[in-house]
Structure formats: C-alpha cells, structure tokens
file start_30.cif (mmCIF, C-alpha atoms)
data_start
#
loop_
_atom_site.label_atom_id
_atom_site.label_comp_id
_atom_site.auth_asym_id
_atom_site.auth_seq_id
_atom_site.Cartn_x
_atom_site.Cartn_y
_atom_site.Cartn_z
CA MET A 11 -24.61 14.82 -53.22
CA THR A 12 -22.33 14.59 -56.25
CA LEU A 13 -18.73 15.94 -56.39
CA THR A 14 -16.98 16.20 -59.75
CA LEU A 15 -13.29 15.25 -59.52
CA LYS A 16 -11.73 17.22 -62.42
CA PRO A 17 -12.67 20.77 -61.29
CA TYR A 18 -11.70 19.81 -57.78
CA LEU A 19 -8.19 18.69 -58.88
CA GLN A 20 -7.69 21.84 -60.93
CA LEU A 21 -8.63 23.94 -57.93
CA PHE A 22 -6.22 21.99 -55.74
CA ARG A 23 -3.34 22.52 -58.23
CA ARG A 24 -3.92 26.26 -58.25
CA LYS A 25 -3.95 26.43 -54.47
CA ALA A 26 -0.86 24.21 -54.19
CA ILE A 27 1.10 26.46 -56.58
CA TYR A 28 -0.04 29.44 -54.53
CA LEU A 29 1.21 27.82 -51.30
CA VAL A 30 4.61 26.94 -52.82
CA VAL A 31 5.12 30.49 -54.07
CA LEU A 32 4.10 31.84 -50.67
CA LEU A 33 6.55 29.50 -48.91
CA LEU A 34 9.45 30.51 -51.18
CA SER A 35 8.77 34.19 -50.69
CA VAL A 36 8.58 33.81 -46.92
CA CYS A 37 11.80 31.75 -46.78
CA THR A 38 13.60 34.39 -48.90
CA GLY A 39 12.40 37.09 -46.57
CA GLY A 40 13.56 35.01 -43.62
CA THR A 41 17.05 34.66 -45.11
CA LEU A 42 17.34 38.42 -45.58
CA SER A 43 16.16 38.90 -42.01
CA ALA A 44 18.83 36.47 -40.80
CA GLN A 45 21.55 38.42 -42.60
CA ALA A 46 20.31 41.63 -41.05
CA ALA A 47 20.29 39.99 -37.63
CA ASP A 48 23.91 38.81 -38.10
CA ALA A 49 24.96 42.32 -39.04
CA ALA A 50 23.35 43.71 -35.91
CA ALA A 51 24.90 41.02 -33.70
CA ALA A 52 27.92 43.20 -32.87
CA GLN A 53 26.17 44.35 -29.72
CA PRO A 54 26.15 41.72 -26.96
CA ALA A 55 22.76 40.12 -26.47
CA LYS A 56 21.44 37.45 -24.17
CA ALA A 57 21.31 34.12 -26.05
CA PRO A 58 18.18 31.99 -25.83
CA GLU A 59 18.38 29.21 -23.30
CA VAL A 60 17.45 26.41 -25.70
CA TYR A 61 18.31 25.90 -29.36
CA TYR A 62 17.11 23.33 -31.86
CA ASP A 63 18.63 22.08 -35.09
CA SER A 64 17.36 24.07 -38.07
CA LEU A 65 16.80 20.83 -40.02
CA PHE A 66 14.27 19.74 -37.39
CA ALA A 67 12.60 23.16 -37.54
CA TYR A 68 12.32 23.07 -41.33
CA THR A 69 10.92 19.53 -41.14
CA LEU A 70 8.19 20.74 -38.81
CA LEU A 71 7.67 23.68 -41.13
CA GLY A 72 7.19 21.29 -44.03
CA VAL A 73 4.63 19.35 -42.00
CA THR A 74 2.90 22.65 -41.26
CA VAL A 75 2.68 23.48 -44.96
CA LEU A 76 1.44 19.98 -45.76
CA LEU A 77 -1.26 20.24 -43.11
CA ALA A 78 -2.20 23.64 -44.50
CA ALA A 79 -2.74 22.02 -47.91
CA VAL A 80 -4.86 19.30 -46.28
CA ILE A 81 -6.90 21.96 -44.49
CA TYR A 82 -7.43 23.81 -47.75
CA VAL A 83 -8.67 20.63 -49.45
CA LEU A 84 -10.97 19.80 -46.54
CA GLY A 85 -12.20 23.38 -46.53
CA ASN A 86 -13.21 23.15 -50.18
CA VAL A 87 -14.93 19.82 -49.57
CA PHE A 88 -16.66 21.33 -46.54
CA ILE A 89 -17.88 24.30 -48.58
CA MET A 90 -19.18 22.03 -51.33
CA ALA A 91 -21.00 19.90 -48.73
CA ILE A 92 -22.56 23.01 -47.23
CA LYS A 93 -23.66 24.25 -50.65
CA ASN A 94 -25.33 20.94 -51.40
CA LYS A 95 -26.98 21.04 -47.97
CA ILE A 96 -28.25 24.56 -48.65
CA ALA A 97 -29.60 23.49 -52.00
CA GLU A 98 -31.57 20.74 -50.29
CA GLN A 99 -32.89 23.01 -47.53
CA LYS A 100 -33.78 26.05 -49.63
CA LYS A 101 -37.20 24.59 -50.21
CA ASN A 102 -38.14 25.11 -46.58
CA GLY A 103 -35.84 28.09 -45.98
CA SER A 104 -33.78 26.45 -43.17
CA PHE A 105 -30.24 27.21 -44.27
CA THR A 106 -29.17 29.79 -41.65
CA LYS A 107 -26.91 27.29 -39.87
CA ALA A 108 -25.04 26.46 -43.07
CA ALA A 109 -24.49 30.16 -43.84
CA VAL A 110 -23.03 30.72 -40.36
CA LEU A 111 -20.69 27.77 -40.88
CA ILE A 112 -19.50 29.21 -44.19
CA LEU A 113 -18.64 32.52 -42.48
CA SER A 114 -16.80 30.74 -39.66
CA LEU A 115 -14.94 28.65 -42.22
CA THR A 116 -13.78 31.76 -44.06
CA ALA A 117 -12.56 33.35 -40.83
CA ALA A 118 -10.70 30.18 -39.82
CA SER A 119 -9.03 29.92 -43.23
CA GLY A 120 -7.90 33.55 -43.07
CA SER A 121 -6.47 33.06 -39.56
CA LEU A 122 -4.65 29.94 -40.68
CA MET A 123 -3.02 31.70 -43.66
CA ALA A 124 -1.90 34.50 -41.35
CA GLN A 125 -0.29 31.97 -38.99
CA ASP A 126 1.44 30.16 -41.85
CA ALA A 127 2.78 33.43 -43.24
CA ALA A 128 4.33 34.34 -39.87
CA ALA A 129 5.79 30.95 -39.00
CA PRO A 130 8.38 30.32 -41.81
CA ALA A 131 10.41 33.48 -41.13
CA ALA A 132 11.36 32.48 -37.58
CA PRO A 133 13.62 29.45 -38.19
CA ALA A 134 15.63 31.20 -40.90
CA ALA A 135 16.76 33.91 -38.52
CA ALA A 136 18.88 31.49 -36.51
CA GLY A 137 21.02 29.99 -39.25
CA THR A 138 22.08 26.49 -38.21
CA VAL A 139 20.06 26.54 -34.99
CA VAL A 140 16.60 27.77 -34.10
CA SER A 141 15.51 29.34 -30.85
CA GLU A 142 12.95 27.82 -28.53
CA THR A 143 10.50 30.67 -29.21
CA VAL A 144 10.39 29.81 -32.91
CA MET A 145 9.75 26.17 -32.08
CA TYR A 146 6.86 27.22 -29.85
CA ILE A 147 5.40 29.25 -32.71
CA ILE A 148 5.65 26.33 -35.14
CA GLY A 149 4.20 23.95 -32.55
CA SER A 150 1.29 26.32 -31.92
CA VAL A 151 0.57 26.47 -35.65
CA LEU A 152 0.63 22.67 -35.86
CA ILE A 153 -1.81 22.35 -32.99
CA LEU A 154 -4.10 24.96 -34.58
CA GLU A 155 -4.00 23.10 -37.88
CA LEU A 156 -4.88 19.79 -36.22
CA ILE A 157 -7.83 21.41 -34.48
CA ILE A 158 -9.07 22.85 -37.79
CA ILE A 159 -8.65 19.46 -39.49
CA PHE A 160 -10.77 17.78 -36.83
CA TYR A 161 -13.33 20.56 -37.12
CA PHE A 162 -13.59 20.13 -40.89
CA THR A 163 -13.69 16.33 -40.63
CA PHE A 164 -16.57 16.28 -38.18
CA GLY A 165 -18.32 19.04 -40.08
CA ILE A 166 -18.15 17.11 -43.35
CA ARG A 167 -19.35 13.99 -41.54
CA ASN A 168 -22.35 15.83 -40.11
CA PHE A 169 -23.31 17.30 -43.48
CA LEU A 170 -22.91 14.05 -45.40
CA LYS A 171 -24.58 11.68 -42.96
CA LYS A 172 -27.91 10.28 -44.00
CA GLU A 173 -31.14 11.75 -42.80
CA ALA A 174 -33.44 9.69 -40.63
CA PRO A 175 -35.56 7.37 -42.76
CA VAL A 176 -39.16 8.41 -43.27
CA THR A 177 -42.00 5.89 -43.43
CA VAL A 178 -45.77 6.15 -43.81
CA ASP A 179 -47.98 4.43 -41.29
CA ALA A 180 -50.34 2.14 -43.22
CA ALA A 181 -53.09 2.40 -40.64
CA THR A 182 -53.18 6.17 -40.09
CA GLY A 183 -51.44 7.37 -43.24
CA LYS A 184 -49.21 9.67 -41.15
CA VAL A 185 -45.55 10.27 -41.97
CA VAL A 186 -43.36 8.64 -39.31
CA VAL A 187 -39.71 9.64 -38.93
CA LYS A 188 -37.61 6.87 -37.42
CA GLU A 189 -36.01 8.01 -34.22
CA LYS A 190 -32.20 8.21 -34.16
CA ILE A 191 -30.47 6.48 -31.30
CA HIS A 192 -27.30 7.97 -29.86
CA TRP A 193 -24.34 5.64 -29.30
CA PHE A 194 -24.60 6.16 -25.54
CA ASP A 195 -28.27 5.19 -25.65
CA ARG A 196 -27.35 2.06 -27.57
CA LEU A 197 -24.98 1.14 -24.75
CA TYR A 198 -27.84 0.51 -22.36
CA LYS A 199 -30.45 -0.24 -25.06
CA ARG A 200 -32.70 2.74 -24.55
CA ASN A 201 -36.12 2.02 -25.92
CA THR A 202 -37.47 3.96 -28.88
CA GLN A 203 -41.14 4.65 -29.35
CA GLU A 204 -41.35 1.61 -31.63
CA ASP A 205 -39.71 -0.55 -28.96
CA ILE A 206 -42.17 0.68 -26.32
CA ILE A 207 -45.08 -0.38 -28.50
CA LYS A 208 -43.56 -3.82 -29.07
CA LEU A 209 -42.54 -4.41 -25.43
CA ASP A 210 -45.72 -3.14 -23.79
CA LEU A 211 -47.28 -5.94 -21.71
CA GLY A 212 -50.57 -4.13 -21.40
CA HIS A 213 -50.22 -3.48 -17.67
CA ASP A 214 -50.72 0.16 -16.74
CA TYR A 215 -50.31 1.30 -13.13
CA ASP A 216 -51.11 4.99 -12.59
CA GLY A 217 -49.72 5.85 -16.02
CA ILE A 218 -46.63 3.68 -15.60
CA LYS A 219 -46.41 1.02 -18.30
CA GLU A 220 -44.84 -2.37 -17.72
CA LEU A 221 -42.42 -3.31 -20.50
CA ASP A 222 -40.79 -6.63 -21.24
CA ASN A 223 -37.29 -5.17 -21.20
CA SER A 224 -34.14 -7.19 -21.62
CA VAL A 225 -31.11 -6.84 -19.39
CA PRO A 226 -28.93 -3.85 -20.46
CA ALA A 227 -25.78 -4.67 -22.40
CA TRP A 228 -23.50 -2.95 -19.90
CA TRP A 229 -24.95 -5.07 -17.08
CA GLN A 230 -24.38 -8.26 -19.06
CA TRP A 231 -20.77 -7.30 -19.80
CA ALA A 232 -20.19 -6.40 -16.14
CA PHE A 233 -21.64 -9.73 -15.02
CA ALA A 234 -19.42 -11.63 -17.48
CA PHE A 235 -16.38 -9.66 -16.32
CA SER A 236 -17.17 -10.43 -12.65
CA ILE A 237 -17.32 -14.15 -13.44
CA LEU A 238 -14.00 -13.97 -15.27
CA PHE A 239 -12.48 -11.99 -12.41
CA GLY A 240 -13.76 -14.56 -9.89
CA VAL A 241 -12.21 -17.46 -11.83
CA ILE A 242 -8.84 -15.68 -12.04
CA TYR A 243 -9.01 -14.72 -8.35
CA LEU A 244 -9.86 -18.30 -7.31
CA TYR A 245 -6.96 -19.72 -9.32
CA ASN A 246 -4.36 -17.19 -8.13
CA TYR A 247 -5.28 -17.17 -4.44
CA HIS A 248 -6.62 -20.66 -3.69
CA ILE A 249 -5.16 -23.00 -6.33
CA ALA A 250 -1.83 -21.71 -7.63
CA GLY A 251 -1.05 -19.75 -4.47
CA THR A 252 0.68 -16.97 -6.40
CA LYS A 253 -1.02 -14.34 -4.25
CA PRO A 254 -1.24 -14.37 -0.41
CA LEU A 255 -4.58 -14.63 1.38
CA GLN A 256 -5.66 -12.08 3.95
CA GLN A 257 -4.10 -13.94 6.89
CA LYS A 258 -0.83 -14.26 5.00
CA GLU A 259 -0.93 -10.60 4.00
CA LEU A 260 -1.41 -9.69 7.66
CA GLN A 261 1.58 -11.82 8.66
CA ILE A 262 3.73 -10.25 5.94
CA ALA A 263 2.69 -6.78 7.08
CA MET A 264 3.48 -7.68 10.70
CA ASP A 265 6.92 -9.02 9.73
CA ILE A 266 7.70 -5.85 7.78
CA ALA A 267 6.56 -3.73 10.73
CA ALA A 268 8.71 -5.77 13.12
CA ALA A 269 11.75 -5.36 10.88
CA LYS A 270 11.17 -1.61 10.70
CA GLN A 271 10.73 -1.46 14.47
CA ALA A 272 13.96 -3.38 15.04
CA ALA A 273 15.83 -1.08 12.67
CA TYR A 274 14.38 1.95 14.45
CA LEU A 275 15.27 0.60 17.90
CA GLU A 276 18.78 -0.22 16.76
CA LYS A 277 19.19 3.25 15.36
CA SER A 278 17.69 4.91 18.44
CA ALA A 279 19.84 2.75 20.75
CA ASN A 280 22.96 4.24 19.23
CA ASN A 281 21.71 7.72 20.19
CA VAL A 282 22.33 6.98 23.87
CA ASP A 283 24.80 9.14 25.82
CA GLU A 284 25.88 9.71 29.42
CA LYS A 285 22.72 11.70 30.13
CA THR A 286 20.22 9.17 28.77
CA VAL A 287 21.90 5.81 29.46
CA LYS A 288 20.00 3.33 31.59
CA MET A 289 20.93 0.04 33.24
CA LEU A 290 20.40 -2.69 30.61
CA GLY A 291 19.18 -6.27 30.94
CA GLU A 292 21.00 -9.57 31.24
CA ALA A 293 21.52 -10.07 27.51
CA ASP A 294 23.20 -6.67 27.15
CA ILE A 295 25.25 -7.26 30.33
CA ALA A 296 26.52 -10.52 28.82
CA ALA A 297 27.40 -8.64 25.61
CA GLY A 298 29.19 -6.03 27.72
CA LYS A 299 31.20 -8.76 29.49
CA ALA A 300 32.34 -10.13 26.12
CA LEU A 301 33.58 -6.65 25.19
CA PHE A 302 35.16 -6.19 28.66
CA ILE A 303 37.28 -9.36 28.57
CA LYS A 304 38.23 -8.95 24.91
CA PRO A 305 42.05 -8.98 24.49
CA GLY A 306 43.47 -5.49 24.67
CA ALA A 307 40.27 -4.10 26.21
CA CYS A 308 39.18 -3.30 29.78
CA ALA A 309 40.34 -6.58 31.40
CA THR A 310 43.94 -5.67 30.58
CA CYS A 311 43.92 -3.11 33.40
CA HIS A 312 40.91 -4.17 35.52
CA ALA A 313 41.09 -8.00 35.27
CA GLU A 314 38.27 -10.14 33.89
CA ASN A 315 36.39 -10.13 37.22
CA GLY A 316 36.95 -6.41 37.84
CA SER A 317 39.24 -6.97 40.87
CA ALA A 318 42.16 -5.13 39.16
CA ILE A 319 44.51 -8.06 40.02
CA VAL A 320 46.15 -8.92 36.71
CA ASN A 321 48.45 -11.95 36.57
CA GLY A 322 48.72 -11.96 40.39
CA ALA A 323 49.71 -8.30 40.68
CA PRO A 324 47.72 -5.07 41.00
CA GLY A 325 46.86 -3.61 37.62
CA ILE A 326 46.77 -0.02 36.40
CA GLY A 327 43.05 0.42 36.84
CA PRO A 328 41.08 0.58 40.11
CA ASN A 329 38.96 -2.17 41.64
CA LEU A 330 35.47 -2.05 40.10
CA THR A 331 33.72 -4.37 42.56
CA ASP A 332 33.65 -2.26 45.75
CA ASP A 333 31.83 0.95 46.69
CA TYR A 334 34.84 3.26 46.29
CA TRP A 335 35.11 5.21 43.03
CA LEU A 336 37.50 7.76 41.64
CA HIS A 337 34.87 9.30 39.32
CA LYS A 338 31.52 8.22 40.81
CA GLY A 339 29.83 4.87 40.31
CA ASP A 340 26.43 5.64 38.80
CA ILE A 341 25.63 4.34 35.30
CA GLY A 342 25.97 7.77 33.70
CA SER A 343 29.39 8.44 35.23
CA ILE A 344 30.67 4.99 34.24
CA PHE A 345 29.44 5.61 30.66
CA TYR A 346 31.23 8.99 30.68
CA SER A 347 34.49 7.45 31.91
CA ILE A 348 34.44 4.73 29.23
CA LYS A 349 33.46 7.14 26.45
CA TYR A 350 35.94 9.96 27.12
CA GLY A 351 38.53 8.16 29.30
CA TRP A 352 40.99 9.68 31.78
CA PRO A 353 44.25 9.94 29.80
CA GLU A 354 46.15 11.55 32.69
CA LYS A 355 45.45 8.41 34.76
CA GLY A 356 46.26 5.93 32.00
CA MET A 357 42.71 5.27 30.69
CA LYS A 358 42.10 5.99 26.99
CA SER A 359 38.87 7.13 25.36
CA TRP A 360 36.89 4.25 23.84
CA LYS A 361 34.37 6.30 21.83
CA ASP A 362 36.26 5.58 18.60
CA ASP A 363 36.40 1.82 19.31
CA TYR A 364 32.83 1.12 20.42
CA SER A 365 29.39 2.42 19.44
CA PRO A 366 27.24 4.24 22.03
CA MET A 367 25.21 1.05 22.50
CA GLN A 368 28.34 -1.02 23.12
CA ILE A 369 29.57 1.56 25.66
CA ALA A 370 26.19 1.30 27.39
CA GLN A 371 26.61 -2.50 27.53
CA LEU A 372 30.10 -2.10 29.01
CA ALA A 373 28.81 0.38 31.61
CA SER A 374 25.99 -1.99 32.56
CA TYR A 375 28.47 -4.86 33.01
CA VAL A 376 30.78 -2.72 35.18
CA LYS A 377 27.78 -1.60 37.22
CA SER A 378 26.76 -5.26 37.71
CA LEU A 379 30.19 -6.10 39.28
CA ARG A 380 29.41 -4.06 42.42
CA GLY A 381 29.35 -6.26 45.51
CA SER A 382 30.87 -9.34 43.85
CA ASN A 383 33.94 -9.01 46.19
CA PRO A 384 36.41 -11.31 44.35
CA THR A 385 39.53 -12.54 46.15
CA PRO A 386 42.16 -11.27 45.85
CA ALA A 387 41.20 -7.72 44.97
CA LYS A 388 43.01 -4.41 44.74
CA GLU A 389 42.78 -2.02 47.68
CA LYS A 390 40.16 0.67 47.81
CA GLN A 391 40.72 3.83 45.74
CA GLY A 392 38.78 7.06 45.65
CA GLU A 393 35.81 7.93 47.81
CA LEU A 394 32.83 5.96 49.04
CA PHE A 395 29.99 6.40 46.59
CA VAL A 396 26.38 6.03 47.70
CA GLU A 397 23.81 6.33 44.94
CA GLU A 398 20.89 8.49 46.04
CA GLY A 399 17.26 7.56 45.40
CA THR A 400 16.20 5.33 42.54
CA GLY A 401 17.68 7.44 39.74
CA ALA A 402 21.33 7.91 38.90
CA PRO A 403 22.89 11.33 39.53
CA ALA A 404 23.88 13.40 36.55
CA ALA A 405 27.11 12.50 34.80
CA PRO A 406 30.10 14.83 35.07
CA LYS A 407 29.77 17.71 32.67
CA ASP A 408 33.48 18.01 32.00
CA SER A 409 36.71 16.34 32.95
CA ALA A 410 37.73 19.16 35.34
CA ALA A 411 34.64 18.61 37.49
CA ALA A 412 35.20 14.87 37.39
CA LYS A 413 38.81 15.28 38.49
CA ALA A 414 37.68 17.32 41.48
CA ASN A 415 35.64 14.34 42.66
#
call {"tool": "encode", "arguments": {"input": "start_30.cif", "output": "structure tokens"}}
result
Amino acid sequence: MTLTLKPYLQLFRRKAIYLVVLLLSVCTGGTLSAQAADAAAAQPAKAPEVYYDSLFAYTLLGVTVLLAAVIYVLGNVFIMAIKNKIAEQKKNGSFTKAAVLILSLTAASGSLMAQDAAAPAAPAAAGTVVSETVMYIIGSVLILELIIIFYFTFGIRNFLKKEAPVTVDAATGKVVVKEKIHWFDRLYKRNTQEDIIKLDLGHDYDGIKELDNSVPAWWQWAFAFSILFGVIYLYNYHIAGTKPLQQKELQIAMDIAAAKQAAYLEKSANNVDEKTVKMLGEADIAAGKALFIKPGACATCHAENGSAIVNGAPGIGPNLTDDYWLHKGDIGSIFYSIKYGWPEKGMKSWKDDYSPMQIAQLASYVKSLRGSNPTPAKEKQGELFVEEGTGAPAAPKDSAAAKAN
C-alpha cells in the first residue's frame, strides 16, 4: 500500500481550519449564552454543588479538540487503508467487511462531531467557574475520543498487517499457506502442522501420535521462578533469620493472644459491682491489704488488723474481725459499703478513689479478717451475721434498706 504525503497534508490543513472555525463559533455562542444566563440570574436558583476553574475546563476542551484532530487524521488513514484493502480483494469479491467498516467509521465520525459541537458551550456559561455537569460532559467526550482512537489504531493495524506467507510444496505442487500462531499459542508453544510433521516419532496408538515435544515455555519460567523463590526463602528464614519459622510464628501468635486476653480480663474485671463480686485469691487479698493500710485509707478508722483499736483507743469504725456487722458481712454487702459509704456514720464513699477491681480487692481483704480475733479489739457492734449456704446474699439495694439492718 502506498500513501502520498502531499494530498494528505492538504486534506489535514482543510480539516484543521474547519475545526478552528467551528471552535470559535461555538465559543462565541457560549459567551452569548453566558450573558443571557447572567441576565436571567435575578431569580434565585440552586447553585451546583461543585465548581471547577474555567481555565482547567478550557484546557480539557483544548485537549478534546486536539484529540478530535487526531481522530480525523486516523480516520482518513483508516479509510485509505480500507480502500487499498478493497482494491486488493475486488478480484475475488470479498470486500463486504471493509464496506461495513467504512459505514461504521462514517457514523462514528458524525457522532464525534456532534459531541464536540455540544461540549464547548458548557464551560462558557459559568464565567470564571464551571459546573460539575459540564466537566462530566467534557470528560465523557474525552473518553469517547480515546475509545475511537484505539478503534482506529487497531483497525489500521489489522488492515496493514502482512498476509500469511504462501509457499508451494515441491513434492505435491500444492499451495501451502503458513499457519499464523496467536501470541497466546506461542506462550505454550502450540505445534503447527509443520511442527507436527517434524516432531512425529512414528509411533501411532489408536490414532494418537507421539511427538517429541519440548517443555512449554510457561512451565520452564515457573520452574525457574520456584527455584529463585526457594533460594530467597532459604536465605530469609534459615540463614539471615529475617522471617520467623512456623514454631516462632506460633509463639508470636500465642503471645499476642495472651496479651489480648490479659487486656480483656483487666477490662472485664473493672466491670465488677456489688451484685457480681466474688471472693478473690491470695494475690488480690494482698493487694487489698496494701490499699487498706495505705495512709489516709481504711486503717485510719479500722486499724491495720481490722480490730478498730487505733493508737490504743477505739476508732471511728467498727471491728471487722468478729461476726457482728452493722450492714451485713457478705462480700457483696462489704463491696457496697466501701463503694457508696455511710456518710451519716462517718464513712465516705470510695468509688471515686478506687476502681471497681480495687474495691473488690479491699472487700476480699476485709472478708478475710473474719475470725482473726486480734487483741485488743473493739466491742461488738451491730447484729450477728450468719452467711447462708455457699453463696453470698444479695447486696443492699439502697442505703435506706441497709440502714434498717
């Protein structure tokens, strides 16, 4: 196929002048439309949600026009390629496909010109800013133009690619057309008819021929990649030690799980109240004792051993080591008394000083003092409390009920 350059350049100049004139006319019409829109803006209207700088819109518009020129050039080249193809195929009458492509090309070109004629007027209507709708229109035109460019490019490539070479078999005198191999077939080295003849080992089993095939290229690349992966894996995991082995990964996962469990238990422990508190173990009782004897805390009124003898004299609080209680002696009631206090009897509320878990530790320590019988000790106060069954009775629901006991 031969393309003369001079007529082609003359044709391009004519079409370029036509596009420039069309652009100027559309921009002028857009300016007039903008003035009319400003005059009609006296009535309140809902402003678009998003605006873009008009300079950006006009830049995209310029790209649109440039792509339109490229499409026009490619269209002419495409038409010339089709005409040359038709000229070659007229001898055998097989040019229907090329004629259909020419019709589709004409329709696509007409649609493109209609889009380009509608797009320039939108940005001008906004003045210094352009609405989001106009930007969508310009973007749609750009996408359409790119699709058409790809269509023309592949079309020209298909029309200009070389035909399959034709050879004449010396033995039979028949015309042999060399089979084309698709790129995907090349990936795994699919055999052509010529390859089958060359690779045939002469062994035929029920119509199945045995060929001396080589290993496919994809398999060779996969095998090489697996070796490379194995070398990198061996170095990272067994030599450099940059990555943990399975046993180490298990230990790391167990440590993370233990940390999460401890955080959960700590958080859930602070959700304890007088209804859910239970007698704690020795470690928590020891922590409760440390809080009990802390200066300014419980020992100030109850003494460090709970006898309520402070500095040789009876303190404000009652004896915590006998079986007589002013407000019951089960773990829930003790927790309630520490948490809310009994201000009318000189005991403050400690809920702002200690967390629920710390109050539970204090209650467990106080509960552990029962039966220690220190000497000297303050006289009995309140009523004899006998805890029923294995569970603790419910804590007082309010201070009035507790006072009644």
call {"tool": "atom_distance", "arguments": {"input": "start_30.cif", "atom1": "atom CA of A:Gly72", "atom2": "atom CA of A:Ile89"}}
result
25.7 Å
call {"tool": "resolve_selection", "arguments": {"input": "start_30.cif", "expression": "the PyMOL selection byres ((chain A and resi 390) around 9)", "output": "PDB file with C-alpha atoms, keeping the file's coordinate frame"}}
result
ATOM      1  CA  PRO A 328      41.080   0.580  40.110  1.00  0.00           C
ATOM      2  CA  ASN A 329      38.960  -2.170  41.640  1.00  0.00           C
ATOM      3  CA  ASP A 332      33.650  -2.260  45.750  1.00  0.00           C
ATOM      4  CA  ASP A 333      31.830   0.950  46.690  1.00  0.00           C
ATOM      5  CA  TYR A 334      34.840   3.260  46.290  1.00  0.00           C
ATOM      6  CA  TRP A 335      35.110   5.210  43.030  1.00  0.00           C
ATOM      7  CA  ALA A 387      41.200  -7.720  44.970  1.00  0.00           C
ATOM      8  CA  LYS A 388      43.010  -4.410  44.740  1.00  0.00           C
ATOM      9  CA  GLU A 389      42.780  -2.020  47.680  1.00  0.00           C
ATOM     10  CA  GLN A 391      40.720   3.830  45.740  1.00  0.00           C
ATOM     11  CA  GLY A 392      38.780   7.060  45.650  1.00  0.00           C
ATOM     12  CA  GLU A 393      35.810   7.930  47.810  1.00  0.00           C
TER      13      GLU A 393
END
call {"tool": "residues_around", "arguments": {"input": "start_30.cif", "residues": "stretch 355-357 of chain A", "least_positions_apart": "5", "cutoff": "9 Å", "atoms": "only C-alpha atoms", "output": "number ranges by chain"}}
result
A: 311, 326-327, 347-348, 350
call {"tool": "resolve_selection", "arguments": {"input": "start_30.cif", "expression": "the PyMOL selection byres ((chain A and resi 161-165) around 10)", "output": "JSON, numbers by chain"}}
result
{"A": [81, 82, 83, 84, 85, 86, 87, 88, 89, 91, 92, 111, 115, 155, 156, 157, 158, 159, 160, 166, 167, 168, 169, 170]}
call {"tool": "write_last_selection", "arguments": {"input": "start_30.cif", "atoms": "C-alpha atoms", "output": "compact mmCIF listing (two decimals), in the frame of the given file"}}
result
# COMPACT_ATOMS: atom_id res chain seq x y z
CA ILE A 81 -6.90 21.96 -44.49
CA TYR A 82 -7.43 23.81 -47.75
CA VAL A 83 -8.67 20.63 -49.45
CA LEU A 84 -10.97 19.80 -46.54
CA GLY A 85 -12.20 23.38 -46.53
CA ASN A 86 -13.21 23.15 -50.18
CA VAL A 87 -14.93 19.82 -49.57
CA PHE A 88 -16.66 21.33 -46.54
CA ILE A 89 -17.88 24.30 -48.58
CA ALA A 91 -21.00 19.90 -48.73
CA ILE A 92 -22.56 23.01 -47.23
CA LEU A 111 -20.69 27.77 -40.88
CA LEU A 115 -14.94 28.65 -42.22
CA GLU A 155 -4.00 23.10 -37.88
CA LEU A 156 -4.88 19.79 -36.22
CA ILE A 157 -7.83 21.41 -34.48
CA ILE A 158 -9.07 22.85 -37.79
CA ILE A 159 -8.65 19.46 -39.49
CA PHE A 160 -10.77 17.78 -36.83
CA ILE A 166 -18.15 17.11 -43.35
CA ARG A 167 -19.35 13.99 -41.54
CA ASN A 168 -22.35 15.83 -40.11
CA PHE A 169 -23.31 17.30 -43.48
CA LEU A 170 -22.91 14.05 -45.40
call {"tool": "atom_distance", "arguments": {"input": "start_30.cif", "atom1": "atom CA of A:Gly298", "atom2": "atom CA of A:Ala272"}}
result
20.0 Å
call {"tool": "resolve_selection", "arguments": {"input": "start_30.cif", "expression": "the PyMOL selection byres ((chain A and resi 310) around 12)", "output": "PyMOL selection string"}}
result
chain A and resi 301-309+311-321+323-328+356-357
call {"tool": "closest_residue", "arguments": {"input": "start_30.cif", "among": "A:Ala373, A:Asp214, A:Asp283, A:Gly381", "to": "A:Ala296", "atoms": "all atoms listed in the file"}}
result
A:Ala373
call {"tool": "closest_residue", "arguments": {"input": "start_30.cif", "among": "A:Tyr215, A:Trp229, A:Phe235, A:Phe66", "to": "A:Gly149", "atoms": "only C-alpha atoms"}}
result
A:Phe66
call {"tool": "atom_distance", "arguments": {"input": "start_30.cif", "atom1": "atom CA of A:Asn246", "atom2": "atom CA of A:Glu259"}}
result
14.2 Å
call {"tool": "residues_near_point", "arguments": {"input": "start_30.cif", "point": "(25.2, 10.4, 23.7)", "cutoff": "10 Å", "atoms": "all atoms listed in the file", "output": "PDB file with C-alpha atoms, in the frame of the given file"}}
result
ATOM      1  CA  ALA A 279      19.840   2.750  20.750  1.00  0.00           C
ATOM      2  CA  ASN A 280      22.960   4.240  19.230  1.00  0.00           C
ATOM      3  CA  ASN A 281      21.710   7.720  20.190  1.00  0.00           C
ATOM      4  CA  VAL A 282      22.330   6.980  23.870  1.00  0.00           C
ATOM      5  CA  ASP A 283      24.800   9.140  25.820  1.00  0.00           C
ATOM      6  CA  GLU A 284      25.880   9.710  29.420  1.00  0.00           C
ATOM      7  CA  LYS A 285      22.720  11.700  30.130  1.00  0.00           C
ATOM      8  CA  THR A 286      20.220   9.170  28.770  1.00  0.00           C
ATOM      9  CA  VAL A 287      21.900   5.810  29.460  1.00  0.00           C
ATOM     10  CA  PHE A 345      29.440   5.610  30.660  1.00  0.00           C
ATOM     11  CA  TYR A 346      31.230   8.990  30.680  1.00  0.00           C
ATOM     12  CA  LYS A 349      33.460   7.140  26.450  1.00  0.00           C
ATOM     13  CA  SER A 365      29.390   2.420  19.440  1.00  0.00           C
ATOM     14  CA  PRO A 366      27.240   4.240  22.030  1.00  0.00           C
ATOM     15  CA  MET A 367      25.210   1.050  22.500  1.00  0.00           C
ATOM     16  CA  ALA A 370      26.190   1.300  27.390  1.00  0.00           C
TER      17      ALA A 370
END
call {"tool": "build_atoms", "arguments": {"input": "start_30.cif", "residues": "stretch 200-208 of chain A", "atoms": "N, CA and C atoms", "output": "CSV table (one decimal), in the coordinates of the input"}}
result
chain,number,residue,atom,x,y,z
A,200,ARG,N,-31.5,1.9,-24.8
A,200,ARG,CA,-32.7,2.7,-24.6
A,200,ARG,C,-33.8,2.4,-25.6
A,201,ASN,N,-35.0,2.4,-25.1
A,201,ASN,CA,-36.1,2.0,-25.9
A,201,ASN,C,-36.6,3.2,-26.7
A,202,THR,N,-36.8,3.0,-28.0
A,202,THR,CA,-37.5,4.0,-28.9
A,202,THR,C,-39.0,3.8,-28.7
A,203,GLN,N,-39.7,4.7,-29.4
A,203,GLN,CA,-41.1,4.6,-29.4
A,203,GLN,C,-41.7,3.3,-30.0
A,204,GLU,N,-41.0,2.9,-31.0
A,204,GLU,CA,-41.4,1.6,-31.6
A,204,GLU,C,-41.1,0.5,-30.7
A,205,ASP,N,-40.0,0.5,-29.9
A,205,ASP,CA,-39.7,-0.6,-29.0
A,205,ASP,C,-40.7,-0.6,-27.8
A,206,ILE,N,-41.2,0.6,-27.4
A,206,ILE,CA,-42.2,0.7,-26.3
A,206,ILE,C,-43.5,0.0,-26.7
A,207,ILE,N,-43.9,0.2,-28.0
A,207,ILE,CA,-45.1,-0.4,-28.5
A,207,ILE,C,-44.9,-1.9,-28.5
A,208,LYS,N,-43.8,-2.4,-29.0
A,208,LYS,CA,-43.6,-3.8,-29.1
A,208,LYS,C,-43.4,-4.5,-27.7
